[in-house]
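Participant: Coordinates in input-v4.txt, compact mmCIF, C-alpha atoms, are listed below.
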```
# COMPACT_ATOMS: atom_id res chain seq x y z
CA MET A 1 74.53 78.26 169.53
CA GLU A 2 77.24 80.07 167.58
CA GLU A 3 76.44 83.45 166.05
CA ARG A 4 76.15 83.63 162.29
CA ILE A 5 79.02 85.06 160.29
CA TYR A 6 78.09 87.34 157.39
CA LEU A 7 80.55 87.38 154.48
CA ASP A 8 78.54 88.85 151.60
CA HIS A 9 79.08 92.58 151.96
CA ALA A 10 79.57 92.97 148.21
CA ALA A 11 75.92 92.00 147.71
CA ALA A 12 74.38 93.89 150.63
CA MET A 13 76.09 95.82 153.38
CA PRO A 14 74.47 96.37 156.76
CA VAL A 15 73.71 100.03 157.46
CA HIS A 16 76.56 101.68 159.36
CA PRO A 17 75.60 102.27 163.02
CA GLY A 18 76.52 105.93 162.63
CA VAL A 19 74.20 106.24 159.64
CA ALA A 20 71.42 104.56 161.59
CA ARG A 21 71.87 107.11 164.40
CA PHE A 22 71.87 109.94 161.86
CA CYS A 23 68.67 108.65 160.25
CA ARG A 24 66.88 108.55 163.60
CA GLN A 25 67.06 112.34 163.69
CA PHE A 26 64.37 112.34 161.02
CA PRO A 27 61.71 109.86 162.21
CA ASP A 28 59.16 111.35 159.80
CA GLY A 29 61.56 111.95 156.94
CA PHE A 30 61.53 115.41 155.37
CA ALA A 31 58.17 117.12 154.99
CA GLY A 32 59.11 119.58 152.27
CA ASN A 33 59.73 119.10 148.57
CA PRO A 34 63.28 120.31 147.78
CA SER A 35 61.97 122.08 144.66
CA THR A 36 59.92 124.49 146.81
CA ILE A 37 61.02 127.69 148.56
CA TYR A 38 59.07 127.66 151.83
CA ARG A 39 60.83 126.63 155.07
CA GLU A 40 60.22 122.89 154.84
CA GLY A 41 61.34 122.83 151.24
CA LEU A 42 64.48 124.80 152.03
CA GLN A 43 65.30 122.33 154.81
CA ALA A 44 65.02 119.48 152.31
CA GLN A 45 67.18 121.42 149.83
CA GLU A 46 69.83 121.90 152.51
CA ALA A 47 69.85 118.18 153.33
CA VAL A 48 70.37 117.28 149.66
CA ALA A 49 73.06 119.95 149.22
CA THR A 50 74.96 118.71 152.28
CA ALA A 51 74.81 115.13 150.99
CA ARG A 52 76.07 116.30 147.60
CA GLU A 53 79.06 117.96 149.23
CA ARG A 54 79.86 114.86 151.28
CA VAL A 55 79.71 112.51 148.29
CA ALA A 56 81.79 114.95 146.23
CA ALA A 57 84.45 115.01 148.97
CA LEU A 58 84.62 111.21 149.05
CA VAL A 59 85.43 110.96 145.32
CA GLY A 60 87.77 113.94 145.15
CA THR A 61 85.83 116.54 143.19
CA SER A 62 85.75 120.22 144.08
CA ALA A 63 82.43 120.60 142.24
CA PRO A 64 79.50 119.28 144.35
CA ASP A 65 77.06 120.07 141.54
CA SER A 66 78.78 117.36 139.49
CA ILE A 67 77.05 114.77 141.71
CA ILE A 68 73.52 113.70 140.76
CA PHE A 69 71.50 111.34 142.92
CA THR A 70 69.78 108.25 141.51
CA SER A 71 67.95 105.15 142.75
CA GLY A 72 71.17 103.12 142.84
CA ALA A 73 74.20 101.92 140.91
CA THR A 74 72.16 100.26 138.14
CA GLU A 75 70.42 103.51 137.27
CA SER A 76 73.69 105.44 137.48
CA ASN A 77 75.35 102.97 135.10
CA ASN A 78 72.44 103.25 132.67
CA ILE A 79 72.55 107.04 132.67
CA ALA A 80 76.32 106.97 132.18
CA ILE A 81 76.36 104.44 129.33
CA ARG A 82 73.14 105.28 127.50
CA GLY A 83 73.18 108.97 128.29
CA ALA A 84 76.76 109.64 127.28
CA ALA A 85 76.60 107.45 124.17
CA LEU A 86 73.34 108.91 122.85
CA ARG A 87 74.20 112.52 123.64
CA ASN A 88 77.61 112.29 121.94
CA ARG A 89 76.81 110.01 119.01
CA LYS A 90 77.78 112.71 116.51
CA PHE A 91 81.37 112.02 117.56
CA GLY A 92 81.09 108.28 116.97
CA LYS A 93 79.04 105.19 117.69
CA ARG A 94 81.51 102.92 119.41
CA VAL A 95 81.44 101.77 123.04
CA VAL A 96 84.17 99.84 124.85
CA ALA A 97 83.90 97.99 128.16
CA SER A 98 86.02 95.42 129.92
CA ALA A 99 84.85 91.82 129.61
CA THR A 100 84.42 91.65 133.39
CA GLU A 101 82.05 94.60 133.91
CA HIS A 102 78.92 94.23 136.01
CA ILE A 103 75.81 93.33 134.04
CA SER A 104 74.32 96.75 134.79
CA VAL A 105 77.07 98.12 132.55
CA LEU A 106 77.16 95.32 129.97
CA ASN A 107 73.41 95.11 129.39
CA PRO A 108 72.83 98.81 128.58
CA ALA A 109 75.93 98.72 126.37
CA LYS A 110 74.52 95.70 124.54
CA ASP A 111 71.07 97.25 124.32
CA ILE A 112 72.22 100.39 122.49
CA GLN A 113 73.67 98.14 119.81
CA LYS A 114 70.07 98.01 118.57
CA GLY A 115 70.46 101.69 117.75
CA GLY A 116 73.55 101.12 115.65
CA PHE A 117 76.30 101.35 118.24
CA ALA A 118 79.21 98.90 118.11
CA LEU A 119 80.38 97.32 121.35
CA THR A 120 83.88 95.97 121.98
CA LEU A 121 84.71 94.00 125.13
CA ALA A 122 88.34 94.47 126.07
CA PRO A 123 90.03 91.35 127.50
CA VAL A 124 91.62 90.92 130.91
CA ASP A 125 94.48 88.74 132.07
CA ARG A 126 94.24 85.71 134.36
CA PHE A 127 94.04 87.99 137.39
CA GLY A 128 91.24 90.07 135.91
CA THR A 129 93.41 93.11 135.20
CA ILE A 130 92.55 94.96 132.01
CA ASP A 131 94.93 94.32 129.12
CA LEU A 132 96.11 97.89 128.43
CA ASP A 133 97.53 97.07 124.98
CA ALA A 134 94.25 95.45 123.94
CA LEU A 135 92.33 98.39 125.37
CA ALA A 136 94.47 100.82 123.40
CA ALA A 137 93.69 98.87 120.23
CA ALA A 138 89.97 98.82 121.01
CA VAL A 139 89.57 102.52 121.81
CA THR A 140 89.47 104.48 118.55
CA PRO A 141 88.66 108.12 117.74
CA GLY A 142 85.04 107.02 117.21
CA THR A 143 84.73 105.52 120.70
CA VAL A 144 82.41 107.86 122.59
CA ILE A 145 82.53 106.11 125.95
CA THR A 146 84.66 103.46 127.62
CA SER A 147 83.54 101.80 130.86
CA ILE A 148 86.05 100.15 133.18
CA HIS A 149 85.14 99.32 136.76
CA HIS A 150 87.43 100.55 139.54
CA ALA A 151 87.41 97.09 141.14
CA ASN A 152 85.54 93.88 140.39
CA ASN A 153 82.78 92.71 142.71
CA GLU A 154 83.39 88.99 142.05
CA ILE A 155 87.18 88.69 142.18
CA GLY A 156 88.22 91.93 143.90
CA THR A 157 90.83 93.00 141.32
CA ILE A 158 91.61 96.75 141.29
CA GLN A 159 92.13 98.28 137.84
CA PRO A 160 94.87 100.76 136.82
CA ILE A 161 92.40 103.59 136.27
CA ARG A 162 94.94 106.36 135.64
CA GLU A 163 96.55 104.39 132.82
CA VAL A 164 93.12 103.55 131.40
CA SER A 165 92.17 107.23 131.49
CA ALA A 166 95.25 108.22 129.51
CA ILE A 167 94.39 105.69 126.78
CA VAL A 168 90.76 106.79 126.54
CA HIS A 169 91.45 110.53 126.53
CA GLU A 170 94.21 110.20 123.94
CA GLN A 171 91.43 109.24 121.50
CA GLY A 172 89.09 111.98 122.69
CA GLY A 173 86.55 109.69 124.39
CA LEU A 174 84.85 109.69 127.78
CA LEU A 175 85.76 107.35 130.64
CA HIS A 176 83.07 105.90 132.89
CA VAL A 177 84.15 104.09 136.05
CA ASP A 178 81.81 101.91 138.10
CA ALA A 179 83.19 102.45 141.61
CA THR A 180 80.36 100.66 143.43
CA ASP A 181 82.70 98.20 145.15
CA ALA A 182 85.74 100.46 145.46
CA ALA A 183 84.29 103.60 147.03
CA GLY A 184 84.91 103.76 150.76
CA ARG A 185 87.44 100.91 150.44
CA ILE A 186 90.26 102.57 148.51
CA PRO A 187 90.94 106.27 147.80
CA ILE A 188 89.23 107.72 144.72
CA ASP A 189 90.10 111.05 143.12
CA VAL A 190 88.13 111.68 139.95
CA GLU A 191 90.04 114.84 139.10
CA ARG A 192 93.50 113.36 139.60
CA ASP A 193 92.64 110.12 137.80
CA GLY A 194 90.85 111.73 134.86
CA ILE A 195 87.44 110.11 135.37
CA ASP A 196 84.55 111.64 133.42
CA LEU A 197 81.66 109.68 134.96
CA LEU A 198 81.68 107.61 138.15
CA THR A 199 79.00 105.37 139.67
CA LEU A 200 78.34 104.99 143.39
CA SER A 201 75.90 102.94 145.49
CA GLY A 202 74.52 104.21 148.80
CA ASN A 203 74.32 100.72 150.28
CA GLN A 204 77.94 99.89 149.47
CA LEU A 205 79.01 102.90 151.53
CA GLY A 206 77.05 101.66 154.54
CA GLY A 207 73.95 103.67 153.73
CA PRO A 208 70.42 102.59 152.82
CA ASP A 209 69.32 100.63 149.76
CA GLY A 210 67.54 102.40 146.91
CA VAL A 211 69.87 105.39 146.51
CA GLY A 212 72.98 105.96 144.45
CA ALA A 213 74.92 108.72 142.76
CA LEU A 214 76.61 109.53 139.48
CA TYR A 215 79.53 111.92 139.19
CA ILE A 216 79.57 113.78 135.87
CA ARG A 217 82.64 115.90 135.19
CA PRO A 218 81.75 119.54 134.50
CA GLY A 219 81.45 120.04 130.76
CA VAL A 220 80.48 116.43 129.98
CA ARG A 221 77.13 116.24 128.22
CA VAL A 222 74.74 113.41 129.00
CA GLN A 223 71.25 112.73 127.65
CA PRO A 224 68.53 111.87 130.19
CA VAL A 225 67.35 108.27 130.30
CA LEU A 226 64.04 109.37 131.85
CA VAL A 227 62.25 112.60 130.95
CA GLY A 228 60.16 114.66 133.31
CA GLY A 229 60.95 117.58 135.60
CA GLY A 230 64.23 119.40 136.04
CA GLN A 231 65.46 117.68 139.19
CA GLU A 232 69.11 116.64 139.36
CA ARG A 233 70.07 118.87 136.42
CA GLY A 234 67.27 117.29 134.41
CA LEU A 235 69.14 113.98 134.31
CA ARG A 236 67.14 112.23 137.03
CA PRO A 237 63.61 113.71 136.99
CA GLY A 238 61.24 113.07 139.86
CA THR A 239 61.11 114.31 143.43
CA GLU A 240 64.34 113.49 145.23
CA ASN A 241 64.34 110.78 147.88
CA VAL A 242 65.57 113.30 150.45
CA PHE A 243 65.74 110.93 153.43
CA ALA A 244 67.80 108.30 151.57
CA ILE A 245 70.02 110.94 149.96
CA ALA A 246 70.76 112.58 153.32
CA CYS A 247 71.64 109.16 154.79
CA MET A 248 73.89 108.38 151.82
CA GLY A 249 75.68 111.66 152.43
CA GLU A 250 76.34 110.69 156.04
CA ALA A 251 77.52 107.25 154.89
CA ALA A 252 79.96 108.91 152.48
CA ARG A 253 81.28 111.15 155.26
CA LEU A 254 81.84 108.22 157.62
CA ALA A 255 83.37 106.09 154.86
CA GLY A 256 85.91 108.81 154.14
CA GLU A 257 86.80 109.19 157.81
CA GLU A 258 87.14 105.48 158.53
CA MET A 259 88.52 104.17 155.24
CA ALA A 260 92.23 104.05 156.06
CA GLY A 261 91.88 102.31 159.42
CA GLU A 262 89.05 99.97 158.48
CA SER A 263 90.64 98.92 155.19
CA LYS A 264 93.90 98.11 156.97
CA ARG A 265 92.03 96.04 159.57
CA LEU A 266 90.03 94.13 156.96
CA ALA A 267 93.06 93.51 154.75
CA ALA A 268 94.76 91.69 157.62
CA ILE A 269 91.70 89.46 158.10
CA ARG A 270 91.45 88.92 154.34
CA ASP A 271 95.08 87.81 154.10
CA ARG A 272 94.67 85.34 156.96
CA LEU A 273 91.53 83.99 155.33
CA ILE A 274 93.25 83.59 151.97
CA ALA A 275 96.21 81.80 153.55
CA GLY A 276 93.93 79.37 155.36
CA ILE A 277 91.56 78.56 152.51
CA THR A 278 94.21 78.21 149.80
CA GLY A 279 95.81 75.60 152.04
CA ILE A 280 92.84 73.33 151.29
CA GLU A 281 93.50 70.77 148.55
CA GLU A 282 92.62 72.09 145.07
CA ALA A 283 91.50 75.47 146.39
CA TYR A 284 92.69 78.45 144.37
CA LEU A 285 92.53 82.22 144.81
CA THR A 286 90.77 84.11 142.02
CA GLY A 287 91.63 87.71 141.20
CA HIS A 288 94.87 89.58 141.69
CA PRO A 289 96.97 88.37 144.65
CA GLU A 290 98.03 91.93 145.58
CA GLU A 291 96.02 94.54 143.67
CA ARG A 292 92.70 93.59 145.23
CA LEU A 293 90.10 95.19 147.47
CA PRO A 294 91.06 95.06 151.16
CA HIS A 295 87.88 93.28 152.21
CA HIS A 296 87.65 90.81 149.33
CA ALA A 297 88.64 87.12 149.20
CA SER A 298 87.48 84.91 146.32
CA PHE A 299 88.22 81.30 145.48
CA ARG A 300 87.47 78.39 143.22
CA PHE A 301 87.39 74.74 144.19
CA SER A 302 87.84 71.82 141.85
CA ARG A 303 85.10 69.19 141.49
CA ILE A 304 82.32 70.97 143.40
CA GLU A 305 79.73 73.65 142.56
CA GLY A 306 79.41 77.06 144.12
CA GLU A 307 75.71 76.75 144.90
CA SER A 308 76.41 73.62 146.93
CA ILE A 309 79.17 75.41 148.83
CA GLN A 310 76.85 78.33 149.55
CA LEU A 311 74.08 76.11 150.89
CA ALA A 312 76.43 73.96 152.96
CA MET A 313 78.13 77.00 154.48
CA ASP A 314 74.75 78.51 155.28
CA MET A 315 73.87 75.37 157.25
CA LEU A 316 77.09 75.92 159.23
CA GLY A 317 76.02 79.47 160.04
CA ILE A 318 78.15 81.34 157.51
CA ALA A 319 76.80 83.43 154.62
CA VAL A 320 79.04 83.50 151.54
CA ALA A 321 78.43 84.27 147.87
CA THR A 322 79.08 82.44 144.65
CA GLY A 323 79.69 85.01 141.93
CA SER A 324 77.55 88.14 141.64
CA ALA A 325 74.23 88.33 143.48
CA CYS A 326 72.70 89.87 140.35
CA THR A 327 73.38 86.72 138.31
CA SER A 328 73.36 83.97 140.94
CA ARG A 329 69.88 82.73 140.00
CA THR A 330 70.73 82.13 136.35
CA LEU A 331 72.81 79.01 137.16
CA GLU A 332 75.14 80.03 134.35
CA ALA A 333 78.90 80.19 134.73
CA SER A 334 80.14 83.62 135.78
CA HIS A 335 81.17 85.73 132.79
CA VAL A 336 83.89 87.22 135.01
CA LEU A 337 85.47 83.84 135.73
CA LEU A 338 85.21 82.80 132.09
CA ALA A 339 86.87 86.08 131.07
CA ILE A 340 89.93 85.32 133.24
CA GLY A 341 90.36 82.03 131.39
CA LEU A 342 88.61 79.45 133.55
CA ALA A 343 86.74 76.57 131.96
CA HIS A 344 82.99 76.33 132.60
CA ALA A 345 83.44 73.52 135.12
CA GLU A 346 86.06 75.54 137.00
CA ALA A 347 83.95 78.69 136.97
CA HIS A 348 81.03 76.88 138.61
CA GLY A 349 83.07 76.06 141.71
CA SER A 350 83.45 79.60 143.07
CA MET A 351 83.05 81.11 146.51
CA VAL A 352 83.29 84.81 147.39
CA ALA A 353 83.81 86.13 150.92
CA THR A 354 83.56 89.90 151.43
CA LEU A 355 84.23 91.30 154.88
CA GLY A 356 82.65 94.12 156.86
CA ARG A 357 82.95 96.01 160.12
CA ARG A 358 81.32 93.22 162.15
CA ASN A 359 83.90 90.64 161.07
CA SER A 360 86.97 89.94 163.18
CA MET A 361 90.21 87.96 163.09
CA ASP A 362 88.75 85.61 165.70
CA GLU A 363 86.28 84.31 163.08
CA VAL A 364 88.96 83.13 160.65
CA PRO A 365 89.60 79.67 162.14
CA ARG A 366 85.87 78.90 162.18
CA ILE A 367 85.46 80.07 158.56
CA VAL A 368 88.48 78.12 157.30
CA GLY A 369 87.37 75.03 159.19
CA ALA A 370 83.84 75.28 157.77
CA VAL A 371 85.17 75.65 154.22
CA GLY A 372 87.45 72.65 154.66
CA GLU A 373 84.63 70.54 156.08
CA THR A 374 82.27 71.64 153.30
CA VAL A 375 84.73 70.94 150.50
CA LYS A 376 85.63 67.50 151.86
CA ARG A 377 81.98 66.49 152.31
CA LEU A 378 80.84 67.77 148.91
CA ARG A 379 83.71 66.12 147.07
CA ALA A 380 82.81 62.81 148.68
CA ILE A 381 79.32 62.91 147.15
CA THR A 382 79.83 64.87 143.92
CA PRO A 383 79.52 63.19 140.53
CA LEU A 384 81.90 65.76 139.01
```
For this file, produce the structure as structure tokens.
Facilitator:
Amino acid sequence: MEERIYLDHAAAMPVHPGVARFCRQFPDGFAGNPSTIYREGLQAQEAVATARERVAALVGTSAPDSIIFTSGATESNNIAIRGAALRNRKFGKRVVASATEHISVLNPAKDIQKGGFALTLAPVDRFGTIDLDALAAAVTPGTVITSIHHANNEIGTIQPIREVSAIVHEQGGLLHVDATDAAGRIPIDVERDGIDLLTLSGNQLGGPDGVGALYIRPGVRVQPVLVGGGQERGLRPGTENVFAIACMGEAARLAGEEMAGESKRLAAIRDRLIAGITGIEEAYLTGHPEERLPHHASFRFSRIEGESIQLAMDMLGIAVATGSACTSRTLEASHVLLAIGLAHAEAHGSMVATLGRRNSMDEVPRIVGAVGETVKRLRAITPL
């Protein structure tokens, strides 16, 4: 029996073997509370401080204290959007985001409209790249925060963050970047690129689930979303999840060390996969053909539905995605695919393959063959 092939690393990434080894050093976790000053507490403090330094190094900041730890990317995005908007509302009540942002950015931005904020969604082109002229028109002196993801989780397109930053800062606003899918895949330098707030996920670095981080540039003021104790500069109250934070720090360290070599390896597999699958009749690449994440291949197929592709591929021993895992149960067309100009029927026929360290070039023929078989069989029975 053939081994299964896992191609959904954008939804959930297996823990890096090095992180797993690191975690086994602490079979009982950390006994002390990092807010205390006895030995066990100081050991926990040291573990959190080391993780903060490692995450800071990965994203290019010389200020480790600018990193706060959260429960994951969704919480980080909420703190960034809600917290920055509410804390700085005296400067304006406008928020701008790209039309292809993750729902954990779009939903908080929509929710604060109830409090009188105006939300503008900036358009993207057919590859999913932000329209810089439209963005410049949308960002006004009253725009307190603009959120543009570093790279899209559904179509893999990398955004021109430095150009976006110049537009936002020219109007005196703050720039938030959701780097959940980009971190550890492509270099990030928050200081060079002029990023004010940046979201990270522990799992997407090869660490455990349930932990994330938010970079906040020194001097940027953010209002807490939760209120309680003074942990994490008062922005994320509650006792820190020391074990998960320490493991995320190790994941960040390993991601930084391995990024260049692993991204080059995965990009070669990605390109072979794209060449094979786009050779199938009425199969089309979605996202930018060049400015895309090195591990990311995404497609649409005419006259079939993504859910059917996913189920059929699963029966052939291959796990793929159709759109974002956070919206896959809604059965609605992907807002990302609609934003790049696809019709509803076209947007429903999507498949996303995201690679990881366990994938190899040897798997490509089997994957391409399975996709071809699946597409042919589904088209023969589809009423579309």
Participant: Which residues are near region 337-339 of chain A? Cut-off 8 Å, only C-alpha atoms, ignore same chain within fewer than 5 positions. Put them as a list in words.
Facilitator: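 The residues that qualify are Ala99, Thr100, Pro123, Val124, Gly128, His344 and Ala347 of chain A.
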Participant: Select, from A:Ala275, A:Val242, A:Ile130, A:Leu198, the residue with the minimum atom-to-atom distance to Val48 (chain A), counting only C-alpha atoms.
Facilitator: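 Of A:Ala275, A:Val242, A:Ile130, A:Leu198, the one nearest Val48 (chain A) is A:Val242, counting only C-alpha atoms.
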Participant: One number please: CA of His335 (chain A) to CA of Tyr215 (chain A), in Å, one decimal.
Facilitator: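 Between these atoms lies a distance of 27.0 Å.
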Participant: Tell me, as a list in words, which residues lie within 10 Å of Asp271 (chain A), counting all atoms listed in the file; anything in the same chain fewer than 2 positions away does not count.
Facilitator: Leu266, Ala267, Ala268, Ile269, Leu273, Ile274, Ala275, Gly276, Pro289, Glu290, Pro294, His295, His296 and Ala297 of chain A
Participant: Nearest residue to Arg379 (chain A) out of A:Arg185, A:Ser334, A:Glu305, A:Asp314, using all atoms listed in the file?
Facilitator: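 Nearest candidate to Arg379 (chain A) out of A:Arg185, A:Ser334, A:Glu305, A:Asp314: A:Glu305.
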Participant: Set the distance at 9 Å and use all atoms listed in the file: which residues neighbour Ala73 (chain A) once local chain neighbours fewer than 3 positions away are removed? I'd like the list as an mmCIF file with C-alpha atoms, in the frame of the given file.
Facilitator:
```cif
data_model
loop_
_atom_site.group_PDB
_atom_site.id
_atom_site.type_symbol
_atom_site.label_atom_id
_atom_site.label_comp_id
_atom_site.auth_asym_id
_atom_site.auth_seq_id
_atom_site.Cartn_x
_atom_site.Cartn_y
_atom_site.Cartn_z
ATOM 1 C CA THR A 70 69.780 108.250 141.510
ATOM 2 C CA SER A 76 73.690 105.440 137.480
ATOM 3 C CA ASN A 77 75.350 102.970 135.100
ATOM 4 C CA ASN A 78 72.440 103.250 132.670
ATOM 5 C CA SER A 104 74.320 96.750 134.790
ATOM 6 C CA ASP A 178 81.810 101.910 138.100
ATOM 7 C CA THR A 180 80.360 100.660 143.430
ATOM 8 C CA THR A 199 79.000 105.370 139.670
ATOM 9 C CA LEU A 200 78.340 104.990 143.390
ATOM 10 C CA SER A 201 75.900 102.940 145.490
ATOM 11 C CA GLY A 202 74.520 104.210 148.800
ATOM 12 C CA GLY A 210 67.540 102.400 146.910
ATOM 13 C CA VAL A 211 69.870 105.390 146.510
ATOM 14 C CA GLY A 212 72.980 105.960 144.450
ATOM 15 C CA ALA A 213 74.920 108.720 142.760
ATOM 16 C CA LEU A 214 76.610 109.530 139.480
#
```
Participant: In Å, rounded to a single decimal, give me how far CA of Ser62 (chain A) is from CA of Arg253 (chain A).
Facilitator: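 Interatomic distance, CA of Arg253 (chain A) to CA of Ser62 (chain A): 15.1 Å.
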Participant: With all atoms listed in the file counted, which protein, DNA or RNA residues have an atom no more than 8 Å from (85.4, 111.6, 126.7) in the file frame? Please answer as a ChimeraX atom specification.
Facilitator: /A:144-145,168-169,172-175,196,220
Participant: Smallest atom-to-atom distance to Gly238 (chain A): which of A:Gly349, A:Pro27, A:Gly142, A:Pro34, using all atoms listed in the file?
Facilitator: A:Pro34
Participant: Can you tell me which residues surround Glu250 (chain A) at a distance of at most 8 Å, considering all atoms listed in the file, apart from same-chain residues fewer than 2 positions away, and format the answer as a ChimeraX atom specification?
Facilitator: /A:19,22,51,54,207,246-248,252-254
Participant: So, counting all atoms listed in the file, which residue among A:Ala31, A:Val352, A:Leu197, A:Ala85 is closest to Ile155 (chain A)?
Facilitator: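 Of A:Ala31, A:Val352, A:Leu197, A:Ala85, the one nearest Ile155 (chain A), counting all atoms listed in the file, is A:Val352.
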Participant: Which distance in Å separates CA of Pro224 (chain A) and CA of Gly249 (chain A), to one decimal?
Facilitator: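 Interatomic distance, CA of Pro224 (chain A) to CA of Gly249 (chain A): 23.4 Å.
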Participant: My list of candidates is A:Ala283, A:Met351, A:Ile245, A:Ile195. Which is closest to Thr61 (chain A) when distances are computed with all atoms listed in the file?
Facilitator: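 Closest to Thr61 (chain A), using all atoms listed in the file: A:Ile195.
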Participant: Go through A:Ala260, A:Ala151, A:Ala49, A:Val95 and flag the residue nearest Thr120 (chain A), using all atoms listed in the file for the distances.
Facilitator: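 Counting all atoms listed in the file, the residue closest to Thr120 (chain A) is A:Val95.
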Participant: Within 12 Å of (90.5, 76.9, 154.6), all atoms listed in the file: residues as number ranges by chain?
Facilitator: A: 271-285, 297-301, 351, 353, 364-376
Participant: Could you give me, as a VMD selection string, the residues within 12 Å of Ile188 (chain A), counting all atoms listed in the file and dropping anything in the same chain fewer than 4 positions from it?
Facilitator: chain A and resid 55 to 61 150 to 151 158 160 to 162 177 to 184 192 to 195 198 to 200 215 255 to 256 259
Participant: Please rebuild region 66-78 of chain A with N, CA and C atoms and return the result as a compact mmCIF listing (two decimals), in the coordinates of the input.
Facilitator:
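Writing done, so here's out.txt:
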```txt
# COMPACT_ATOMS: atom_id res chain seq x y z
N SER A 66 78.50 118.44 140.45
CA SER A 66 78.78 117.36 139.49
C SER A 66 78.21 116.03 139.96
N ILE A 67 77.65 115.99 141.17
CA ILE A 67 77.05 114.77 141.71
C ILE A 67 75.54 114.83 141.51
N ILE A 68 74.97 113.82 140.84
CA ILE A 68 73.52 113.70 140.76
C ILE A 68 73.11 112.42 141.49
N PHE A 69 71.98 112.49 142.15
CA PHE A 69 71.50 111.34 142.92
C PHE A 69 70.51 110.53 142.10
N THR A 70 70.59 109.21 142.27
CA THR A 70 69.78 108.25 141.51
C THR A 70 69.18 107.24 142.48
N SER A 71 68.54 106.21 141.92
CA SER A 71 67.95 105.15 142.75
C SER A 71 68.96 104.07 143.11
N GLY A 72 70.18 104.14 142.56
CA GLY A 72 71.17 103.12 142.84
C GLY A 72 72.18 103.00 141.71
N ALA A 73 73.11 102.06 141.87
CA ALA A 73 74.20 101.92 140.91
C ALA A 73 73.71 101.52 139.53
N THR A 74 72.66 100.68 139.45
CA THR A 74 72.16 100.26 138.14
C THR A 74 71.66 101.45 137.34
N GLU A 75 70.89 102.33 137.98
CA GLU A 75 70.42 103.51 137.27
C GLU A 75 71.58 104.43 136.89
N SER A 76 72.53 104.60 137.79
CA SER A 76 73.69 105.44 137.48
C SER A 76 74.45 104.89 136.28
N ASN A 77 74.65 103.58 136.24
CA ASN A 77 75.35 102.97 135.10
C ASN A 77 74.57 103.17 133.80
N ASN A 78 73.25 103.04 133.87
CA ASN A 78 72.44 103.25 132.67
C ASN A 78 72.52 104.68 132.17
```
